[in-house]
$ cat data.cif   # mmCIF, N, CA and C atoms
data_protein
loop_
_atom_site.label_atom_id
_atom_site.label_comp_id
_atom_site.auth_asym_id
_atom_site.auth_seq_id
_atom_site.Cartn_x
_atom_site.Cartn_y
_atom_site.Cartn_z
N ASN F 1138 0.83 -1.19 0.00
CA ASN F 1138 0.00 0.00 0.00
C ASN F 1138 0.88 1.25 0.00
N HIS F 1139 0.37 2.29 -0.61
CA HIS F 1139 1.07 3.57 -0.57
C HIS F 1139 0.05 4.69 -0.42
N VAL F 1140 0.53 5.82 0.03
CA VAL F 1140 -0.32 6.97 0.26
C VAL F 1140 -0.32 7.83 -0.99
N ASN F 1141 -1.49 8.22 -1.43
CA ASN F 1141 -1.59 9.15 -2.55
C ASN F 1141 -1.39 10.55 -1.96
N ARG F 1142 -0.17 11.04 -2.09
CA ARG F 1142 0.20 12.30 -1.45
C ARG F 1142 -0.64 13.47 -1.95
N GLU F 1143 -0.98 13.46 -3.22
CA GLU F 1143 -1.77 14.56 -3.78
C GLU F 1143 -3.16 14.61 -3.15
N THR F 1144 -3.80 13.47 -3.03
CA THR F 1144 -5.13 13.41 -2.41
C THR F 1144 -5.05 13.78 -0.93
N LEU F 1145 -4.05 13.23 -0.25
CA LEU F 1145 -3.89 13.54 1.17
C LEU F 1145 -3.66 15.04 1.37
N ALA F 1146 -2.83 15.64 0.54
CA ALA F 1146 -2.55 17.08 0.65
C ALA F 1146 -3.83 17.90 0.46
N LYS F 1147 -4.64 17.52 -0.50
CA LYS F 1147 -5.88 18.26 -0.73
C LYS F 1147 -6.80 18.19 0.48
N ILE F 1148 -6.78 17.06 1.16
CA ILE F 1148 -7.63 16.90 2.34
C ILE F 1148 -7.09 17.73 3.50
N VAL F 1149 -5.81 17.55 3.84
CA VAL F 1149 -5.28 18.18 5.05
C VAL F 1149 -5.05 19.68 4.91
N PHE F 1150 -4.70 20.15 3.71
CA PHE F 1150 -4.48 21.59 3.58
C PHE F 1150 -5.79 22.36 3.47
N ALA F 1151 -6.90 21.64 3.35
CA ALA F 1151 -8.21 22.29 3.34
C ALA F 1151 -8.84 22.28 4.74
N ASP F 1152 -8.23 21.55 5.67
CA ASP F 1152 -8.82 21.40 7.00
C ASP F 1152 -7.71 21.44 8.05
N PRO F 1153 -7.56 22.57 8.76
CA PRO F 1153 -6.47 22.70 9.75
C PRO F 1153 -6.48 21.61 10.83
N ILE F 1154 -7.64 21.11 11.20
CA ILE F 1154 -7.71 20.07 12.23
C ILE F 1154 -7.11 18.77 11.69
N LYS F 1155 -7.44 18.43 10.44
CA LYS F 1155 -6.88 17.22 9.84
C LYS F 1155 -5.38 17.36 9.62
N LEU F 1156 -4.93 18.55 9.29
CA LEU F 1156 -3.49 18.78 9.13
C LEU F 1156 -2.79 18.58 10.47
N LYS F 1157 -3.38 19.10 11.53
CA LYS F 1157 -2.80 18.93 12.86
C LYS F 1157 -2.75 17.45 13.24
N GLN F 1158 -3.81 16.70 12.93
CA GLN F 1158 -3.84 15.27 13.22
C GLN F 1158 -2.75 14.53 12.44
N LEU F 1159 -2.60 14.87 11.17
CA LEU F 1159 -1.57 14.23 10.35
C LEU F 1159 -0.18 14.54 10.90
N ASN F 1160 0.05 15.80 11.24
CA ASN F 1160 1.35 16.18 11.80
C ASN F 1160 1.64 15.46 13.10
N ALA F 1161 0.62 15.24 13.91
CA ALA F 1161 0.79 14.53 15.19
C ALA F 1161 1.18 13.07 14.95
N ILE F 1162 0.79 12.52 13.82
CA ILE F 1162 1.16 11.14 13.47
C ILE F 1162 2.57 11.11 12.87
N VAL F 1163 2.85 12.04 11.96
CA VAL F 1163 4.09 12.02 11.18
C VAL F 1163 5.30 12.54 11.96
N HIS F 1164 5.17 13.69 12.62
CA HIS F 1164 6.33 14.33 13.24
C HIS F 1164 7.10 13.45 14.23
N PRO F 1165 6.44 12.74 15.13
CA PRO F 1165 7.22 11.88 16.05
C PRO F 1165 8.01 10.80 15.32
N ARG F 1166 7.44 10.26 14.25
CA ARG F 1166 8.14 9.22 13.49
C ARG F 1166 9.33 9.80 12.73
N VAL F 1167 9.16 10.99 12.19
CA VAL F 1167 10.26 11.65 11.50
C VAL F 1167 11.38 11.93 12.49
N GLU F 1168 11.04 12.45 13.66
CA GLU F 1168 12.05 12.74 14.68
C GLU F 1168 12.79 11.47 15.08
N GLU F 1169 12.06 10.40 15.28
CA GLU F 1169 12.67 9.12 15.65
C GLU F 1169 13.67 8.67 14.57
N TYR F 1170 13.28 8.80 13.33
CA TYR F 1170 14.13 8.40 12.22
C TYR F 1170 15.40 9.27 12.17
N ILE F 1171 15.23 10.58 12.31
CA ILE F 1171 16.37 11.50 12.27
C ILE F 1171 17.36 11.18 13.39
N VAL F 1172 16.86 11.03 14.60
CA VAL F 1172 17.72 10.72 15.75
C VAL F 1172 18.46 9.41 15.50
N SER F 1173 17.78 8.42 14.96
CA SER F 1173 18.37 7.12 14.67
C SER F 1173 19.49 7.26 13.62
N GLU F 1174 19.23 8.00 12.56
CA GLU F 1174 20.23 8.17 11.50
C GLU F 1174 21.45 8.94 12.01
N PHE F 1175 21.24 9.96 12.81
CA PHE F 1175 22.37 10.70 13.38
C PHE F 1175 23.19 9.80 14.30
N ALA F 1176 22.52 8.95 15.06
CA ALA F 1176 23.23 8.03 15.96
C ALA F 1176 24.09 7.07 15.14
N LYS F 1177 23.58 6.58 14.02
CA LYS F 1177 24.36 5.70 13.15
C LYS F 1177 25.61 6.42 12.65
N LEU F 1178 25.45 7.66 12.23
CA LEU F 1178 26.61 8.43 11.75
C LEU F 1178 27.65 8.58 12.86
N GLU F 1179 27.17 8.89 14.05
CA GLU F 1179 28.07 9.07 15.19
C GLU F 1179 28.80 7.77 15.52
N ARG F 1180 28.07 6.67 15.56
CA ARG F 1180 28.69 5.36 15.85
C ARG F 1180 29.72 5.00 14.80
N GLY F 1181 29.47 5.42 13.56
CA GLY F 1181 30.39 5.14 12.46
C GLY F 1181 31.59 6.06 12.45
N GLY F 1182 31.62 7.01 13.37
CA GLY F 1182 32.76 7.92 13.46
C GLY F 1182 32.73 9.05 12.45
N SER F 1183 31.59 9.29 11.84
CA SER F 1183 31.50 10.35 10.84
C SER F 1183 31.72 11.73 11.48
N GLN F 1184 32.55 12.52 10.82
CA GLN F 1184 32.76 13.90 11.27
C GLN F 1184 32.24 14.88 10.23
N SER F 1185 31.44 14.36 9.30
CA SER F 1185 30.86 15.20 8.27
C SER F 1185 29.59 15.87 8.79
N ALA F 1186 29.23 16.95 8.14
CA ALA F 1186 27.96 17.60 8.47
C ALA F 1186 26.82 16.76 7.90
N ALA F 1187 25.74 16.69 8.61
CA ALA F 1187 24.55 15.98 8.14
C ALA F 1187 23.39 16.98 8.17
N PHE F 1188 22.52 16.89 7.19
CA PHE F 1188 21.43 17.85 7.07
C PHE F 1188 20.09 17.14 7.02
N VAL F 1189 19.08 17.81 7.54
CA VAL F 1189 17.69 17.36 7.45
C VAL F 1189 16.97 18.40 6.62
N GLU F 1190 16.38 17.97 5.52
CA GLU F 1190 15.63 18.91 4.68
C GLU F 1190 14.15 18.67 4.94
N ALA F 1191 13.50 19.66 5.52
CA ALA F 1191 12.07 19.54 5.82
C ALA F 1191 11.48 20.93 5.99
N ALA F 1192 10.24 21.07 5.56
CA ALA F 1192 9.58 22.38 5.62
C ALA F 1192 9.18 22.76 7.04
N LEU F 1193 8.92 21.79 7.89
CA LEU F 1193 8.33 22.08 9.20
C LEU F 1193 9.26 21.76 10.37
N ILE F 1194 10.55 21.97 10.21
CA ILE F 1194 11.50 21.65 11.27
C ILE F 1194 11.19 22.41 12.56
N VAL F 1195 10.99 23.71 12.44
CA VAL F 1195 10.72 24.52 13.63
C VAL F 1195 9.33 24.20 14.18
N GLU F 1196 8.34 24.11 13.29
CA GLU F 1196 6.98 23.84 13.72
C GLU F 1196 6.88 22.52 14.48
N ALA F 1197 7.69 21.52 14.08
CA ALA F 1197 7.65 20.21 14.72
C ALA F 1197 8.54 20.14 15.96
N GLY F 1198 9.30 21.22 16.22
CA GLY F 1198 10.20 21.22 17.36
C GLY F 1198 11.49 20.47 17.11
N LEU F 1199 11.73 20.07 15.86
CA LEU F 1199 12.95 19.32 15.53
C LEU F 1199 14.20 20.19 15.63
N ASP F 1200 14.03 21.50 15.56
CA ASP F 1200 15.19 22.40 15.65
C ASP F 1200 15.92 22.21 16.97
N LYS F 1201 15.20 21.79 17.99
CA LYS F 1201 15.82 21.60 19.31
C LYS F 1201 16.73 20.37 19.34
N LYS F 1202 16.59 19.48 18.37
CA LYS F 1202 17.40 18.25 18.30
C LYS F 1202 18.61 18.43 17.37
N LEU F 1203 18.72 19.59 16.75
CA LEU F 1203 19.77 19.84 15.78
C LEU F 1203 20.77 20.86 16.30
N ASP F 1204 21.95 20.86 15.72
CA ASP F 1204 22.97 21.85 16.11
C ASP F 1204 22.64 23.23 15.59
N GLY F 1205 21.84 23.30 14.57
CA GLY F 1205 21.46 24.59 14.01
C GLY F 1205 20.48 24.40 12.87
N VAL F 1206 19.87 25.50 12.45
CA VAL F 1206 18.89 25.46 11.38
C VAL F 1206 19.32 26.45 10.30
N VAL F 1207 19.28 25.97 9.05
CA VAL F 1207 19.51 26.84 7.90
C VAL F 1207 18.13 27.08 7.29
N VAL F 1208 17.72 28.33 7.23
CA VAL F 1208 16.43 28.67 6.63
C VAL F 1208 16.68 29.16 5.22
N VAL F 1209 16.10 28.45 4.26
CA VAL F 1209 16.15 28.85 2.86
C VAL F 1209 14.81 29.51 2.59
N TRP F 1210 14.86 30.76 2.15
CA TRP F 1210 13.62 31.52 2.08
C TRP F 1210 13.56 32.39 0.83
N CYS F 1211 12.34 32.80 0.52
CA CYS F 1211 12.08 33.81 -0.51
C CYS F 1211 10.79 34.52 -0.10
N GLN F 1212 10.40 35.49 -0.87
CA GLN F 1212 9.19 36.24 -0.57
C GLN F 1212 7.96 35.34 -0.78
N PRO F 1213 6.90 35.51 0.03
CA PRO F 1213 5.71 34.66 -0.10
C PRO F 1213 5.13 34.63 -1.51
N GLU F 1214 5.13 35.75 -2.20
CA GLU F 1214 4.59 35.74 -3.57
C GLU F 1214 5.42 34.87 -4.50
N GLN F 1215 6.74 34.82 -4.24
CA GLN F 1215 7.60 33.93 -5.03
C GLN F 1215 7.29 32.48 -4.69
N GLN F 1216 7.03 32.21 -3.41
CA GLN F 1216 6.67 30.85 -3.01
C GLN F 1216 5.42 30.41 -3.77
N ILE F 1217 4.44 31.29 -3.84
CA ILE F 1217 3.18 30.95 -4.52
C ILE F 1217 3.43 30.70 -5.99
N SER F 1218 4.19 31.61 -6.66
CA SER F 1218 4.43 31.39 -8.09
C SER F 1218 5.20 30.11 -8.34
N ARG F 1219 6.14 29.77 -7.44
CA ARG F 1219 6.90 28.53 -7.60
C ARG F 1219 6.01 27.31 -7.41
N LEU F 1220 5.09 27.38 -6.45
CA LEU F 1220 4.15 26.29 -6.26
C LEU F 1220 3.23 26.15 -7.47
N MET F 1221 2.79 27.28 -8.00
CA MET F 1221 1.92 27.25 -9.18
C MET F 1221 2.66 26.67 -10.38
N ALA F 1222 3.95 26.96 -10.49
CA ALA F 1222 4.75 26.40 -11.59
C ALA F 1222 4.86 24.87 -11.46
N ARG F 1223 4.69 24.38 -10.24
CA ARG F 1223 4.72 22.93 -10.00
C ARG F 1223 3.33 22.30 -10.11
N GLY F 1224 2.32 23.10 -10.50
CA GLY F 1224 0.99 22.55 -10.73
C GLY F 1224 -0.04 22.81 -9.66
N PHE F 1225 0.32 23.54 -8.61
CA PHE F 1225 -0.66 23.87 -7.57
C PHE F 1225 -1.47 25.08 -8.00
N THR F 1226 -2.70 25.19 -7.50
CA THR F 1226 -3.47 26.40 -7.73
C THR F 1226 -2.97 27.46 -6.76
N GLU F 1227 -3.32 28.71 -7.01
CA GLU F 1227 -2.91 29.78 -6.10
C GLU F 1227 -3.48 29.53 -4.70
N GLU F 1228 -4.74 29.09 -4.64
CA GLU F 1228 -5.37 28.82 -3.35
C GLU F 1228 -4.64 27.70 -2.60
N GLU F 1229 -4.27 26.63 -3.30
CA GLU F 1229 -3.53 25.54 -2.66
C GLU F 1229 -2.18 26.05 -2.14
N GLY F 1230 -1.53 26.88 -2.93
CA GLY F 1230 -0.25 27.45 -2.52
C GLY F 1230 -0.40 28.29 -1.26
N ARG F 1231 -1.41 29.13 -1.25
CA ARG F 1231 -1.64 29.99 -0.08
C ARG F 1231 -1.95 29.17 1.18
N ARG F 1232 -2.71 28.09 1.01
CA ARG F 1232 -3.03 27.23 2.16
C ARG F 1232 -1.76 26.56 2.71
N ARG F 1233 -0.90 26.11 1.82
CA ARG F 1233 0.35 25.47 2.26
C ARG F 1233 1.21 26.47 3.02
N ILE F 1234 1.34 27.66 2.49
CA ILE F 1234 2.16 28.68 3.13
C ILE F 1234 1.56 29.07 4.48
N ALA F 1235 0.23 29.15 4.54
CA ALA F 1235 -0.45 29.52 5.80
C ALA F 1235 -0.26 28.46 6.87
N SER F 1236 0.02 27.21 6.47
CA SER F 1236 0.19 26.14 7.45
C SER F 1236 1.58 26.16 8.08
N GLN F 1237 2.46 27.03 7.58
CA GLN F 1237 3.82 27.12 8.10
C GLN F 1237 3.99 28.42 8.89
N LEU F 1238 5.04 28.47 9.71
CA LEU F 1238 5.37 29.71 10.39
C LEU F 1238 5.67 30.78 9.35
N PRO F 1239 5.37 32.03 9.64
CA PRO F 1239 5.74 33.11 8.72
C PRO F 1239 7.27 33.15 8.55
N VAL F 1240 7.71 33.55 7.37
CA VAL F 1240 9.14 33.59 7.06
C VAL F 1240 9.92 34.37 8.11
N LYS F 1241 9.40 35.53 8.53
CA LYS F 1241 10.12 36.33 9.52
C LYS F 1241 10.37 35.54 10.80
N GLU F 1242 9.38 34.77 11.22
CA GLU F 1242 9.53 33.99 12.45
C GLU F 1242 10.53 32.85 12.25
N LYS F 1243 10.48 32.19 11.09
CA LYS F 1243 11.45 31.12 10.80
C LYS F 1243 12.86 31.68 10.80
N LEU F 1244 13.03 32.85 10.21
CA LEU F 1244 14.37 33.46 10.15
C LEU F 1244 14.92 33.71 11.55
N GLY F 1245 14.04 33.93 12.51
CA GLY F 1245 14.46 34.13 13.89
C GLY F 1245 15.06 32.87 14.50
N HIS F 1246 14.77 31.71 13.94
CA HIS F 1246 15.30 30.44 14.42
C HIS F 1246 16.56 30.02 13.67
N ALA F 1247 16.93 30.81 12.66
CA ALA F 1247 18.02 30.40 11.76
C ALA F 1247 19.40 30.68 12.33
N MET F 1248 20.26 29.68 12.20
CA MET F 1248 21.68 29.85 12.48
C MET F 1248 22.32 30.46 11.22
N GLU F 1249 21.80 30.04 10.07
CA GLU F 1249 22.24 30.54 8.77
C GLU F 1249 21.01 30.78 7.91
N ARG F 1250 21.14 31.69 6.96
CA ARG F 1250 20.03 32.00 6.07
C ARG F 1250 20.50 31.94 4.62
N ILE F 1251 19.65 31.39 3.76
CA ILE F 1251 19.94 31.40 2.33
C ILE F 1251 18.73 32.02 1.66
N ASP F 1252 18.97 33.16 1.02
CA ASP F 1252 17.91 33.90 0.32
C ASP F 1252 17.85 33.39 -1.11
N CYS F 1253 16.80 32.66 -1.42
CA CYS F 1253 16.67 32.11 -2.78
C CYS F 1253 15.68 32.93 -3.62
N SER F 1254 15.54 34.21 -3.27
CA SER F 1254 14.62 35.06 -4.05
C SER F 1254 15.29 35.61 -5.29
N GLY F 1255 16.61 35.48 -5.40
CA GLY F 1255 17.33 35.96 -6.58
C GLY F 1255 17.52 34.84 -7.59
N SER F 1256 18.59 34.94 -8.33
CA SER F 1256 18.87 33.95 -9.37
C SER F 1256 19.39 32.65 -8.77
N LEU F 1257 19.35 31.60 -9.57
CA LEU F 1257 19.89 30.33 -9.14
C LEU F 1257 21.38 30.46 -8.84
N ALA F 1258 22.09 31.24 -9.63
CA ALA F 1258 23.53 31.45 -9.41
C ALA F 1258 23.78 32.13 -8.06
N GLU F 1259 22.94 33.10 -7.70
CA GLU F 1259 23.08 33.79 -6.41
C GLU F 1259 22.81 32.83 -5.25
N THR F 1260 21.81 31.99 -5.43
CA THR F 1260 21.50 31.01 -4.39
C THR F 1260 22.64 30.01 -4.26
N ARG F 1261 23.12 29.52 -5.39
CA ARG F 1261 24.23 28.56 -5.39
C ARG F 1261 25.45 29.14 -4.68
N GLN F 1262 25.73 30.42 -4.90
CA GLN F 1262 26.88 31.08 -4.27
C GLN F 1262 26.73 31.07 -2.74
N GLN F 1263 25.53 31.35 -2.26
CA GLN F 1263 25.29 31.33 -0.81
C GLN F 1263 25.49 29.93 -0.23
N VAL F 1264 25.02 28.92 -0.98
CA VAL F 1264 25.18 27.53 -0.52
C VAL F 1264 26.66 27.17 -0.48
N GLU F 1265 27.40 27.58 -1.50
CA GLU F 1265 28.84 27.29 -1.53
C GLU F 1265 29.57 27.99 -0.38
N GLN F 1266 29.15 29.22 -0.06
CA GLN F 1266 29.76 29.93 1.07
C GLN F 1266 29.47 29.20 2.38
N LEU F 1267 28.26 28.71 2.54
CA LEU F 1267 27.91 27.96 3.74
C LEU F 1267 28.72 26.66 3.81
N ALA F 1268 28.85 25.97 2.68
CA ALA F 1268 29.62 24.73 2.65
C ALA F 1268 31.07 24.99 3.06
N THR F 1269 31.64 26.07 2.55
CA THR F 1269 33.02 26.43 2.92
C THR F 1269 33.12 26.70 4.41
N LYS F 1270 32.16 27.44 4.94
CA LYS F 1270 32.15 27.76 6.37
C LYS F 1270 32.07 26.48 7.21
N LEU F 1271 31.21 25.55 6.80
CA LEU F 1271 31.05 24.31 7.55
C LEU F 1271 32.31 23.44 7.48
N ARG F 1272 32.99 23.46 6.34
CA ARG F 1272 34.23 22.69 6.21
C ARG F 1272 35.33 23.23 7.13
N GLU F 1273 35.26 24.52 7.43
CA GLU F 1273 36.27 25.16 8.27
C GLU F 1273 36.08 24.85 9.75
N VAL F 1274 34.88 24.43 10.11
CA VAL F 1274 34.59 24.11 11.51
C VAL F 1274 35.24 22.79 11.84
N ARG F 1275 36.06 22.78 12.85
CA ARG F 1275 36.74 21.54 13.27
C ARG F 1275 36.08 21.03 14.55
N PRO F 1276 35.72 19.75 14.57
CA PRO F 1276 35.12 19.22 15.80
C PRO F 1276 36.13 19.22 16.94
N THR F 1277 35.62 19.46 18.13
CA THR F 1277 36.49 19.43 19.30
C THR F 1277 36.44 18.02 19.88
N VAL F 1278 37.58 17.43 20.03
CA VAL F 1278 37.66 16.04 20.54
C VAL F 1278 38.42 16.02 21.83
#
$ encode --input "data.cif" --output "structure tokens"
Amino acid sequence: NHVNRETLAKIVFADPIKLKQLNAIVHPRVEEYIVSEFAKLERGGSQSAAFVEAALIVEAGLDKKLDGVVVVWCQPEQQISRLMARGFTEEEGRRRIASQLPVKEKLGHAMERIDCSGSLAETRQQVEQLATKLREVRPTV
């Protein structure tokens, strides 16, 4: 069996109570998986940076389990146009955005920020700068 994500999204993004119920089911399992994967890396002696890519890290409280949060952001109208380019209606896009913390609030939780409102080259440059910065950090043993 598999979940039809498109159908599920239409249901939960139209009903805040159902979205909350779904998040209550999913978030603890995601957290458990992340903690487990990080533990495997640690046991294996990995000294590399590991990342979790998820839209609701702060909303789910997962930021408290991480060393830091990188917020990749753009203006809400850009978010909507990008969602519409992926086949969502404007209304669906607005509902998805409304289900998340406002960008300003997310930025307040950020250790690092990547502004993807410009060109792809500008975004790539910011990512490369962050990668360089992370490579320079030496673990204390």
$ resolve_selection --input "data.cif" --expression "the PyMOL selection byres (((chain F and resi 1172 and name CA) around 12) and name CA)" --output "PyMOL selection string"
chain F and resi 1165-1171+1173-1179+1187-1189+1199-1203
$ residues_around --input "data.cif" --residues "Glu1242 in chain F" --least-positions-apart "4" --cutoff "12 Å" --atoms "only C-alpha atoms" --output "list in words"
Val1195, Glu1196, Val1208, Trp1210, Gln1237, Leu1238, His1246 and Ala1247 of chain F
$ closest_residue --input "data.cif" --among "F:Asn1138, F:Thr1144, F:Ala1151, F:Lys1243" --to "Glu1229 in chain F" --atoms "only C-alpha atoms"
F:Ala1151
$ atom_distance --input "data.cif" --atom1 "atom C of Asp1252 in chain F" --atom2 "CA of Val1209 in chain F"
6.3 Å
$ residues_around --input "data.cif" --residues "Leu1271 in chain F" --least-positions-apart "5" --cutoff "12 Å" --atoms "only C-alpha atoms" --output "list in words"
Gln1184, Ser1185, Ala1186, Ala1187, Phe1188, Gly1205, Val1207, Met1248, Glu1249, Val1264, Glu1265, Gln1266 and Pro1276 of chain F
$ select_by_dssp --input "data.cif" --residues "range 1207-1271 of chain F" --states "strand (DSSP E or B)" --output "number ranges by chain"
F: 1207-1210, 1249-1252
$ select_by_dssp --input "data.cif" --residues "range 1170-1238 of chain F" --states "helix (DSSP H, G or I)" --output "VMD selection string"
chain F and resid 1170 to 1180 1199 to 1202 1213 to 1222 1227 to 1235
$ closest_residue --input "data.cif" --among "F:Arg1272, F:His1164, F:Lys1155, F:Arg1231" --to "Gln1216 in chain F" --atoms "all atoms listed in the file"
F:Arg1231
$ closest_residue --input "data.cif" --among "F:Arg1233, F:His1139, F:Lys1241, F:Arg1261" --to "Ala1192 in chain F" --atoms "only C-alpha atoms"
F:Arg1233
$ residues_around --input "data.cif" --residues "Cys1211 in chain F" --least-positions-apart "5" --cutoff "8 Å" --atoms "all atoms listed in the file" --output "list of chain:residue names"
F:Gln1216, F:Val1240, F:Ile1251, F:Asp1252, F:Cys1253, F:Ser1254, F:Gly1255
$ resolve_selection --input "data.cif" --expression "the PyMOL selection byres (((chain F and resi 1226-1228 and name CA) around 12) and name CA)" --output "NGL selection string"
:F and (1147 or 1150-1151 or 1213-1225 or 1229-1235)
$ atom_distance --input "data.cif" --atom1 "CA of Asp1204 in chain F" --atom2 "CA of Gly1181 in chain F"
18.6 Å
$ atom_distance --input "data.cif" --atom1 "atom C of Ser1256 in chain F" --atom2 "atom N of Ser1236 in chain F"
25.2 Å
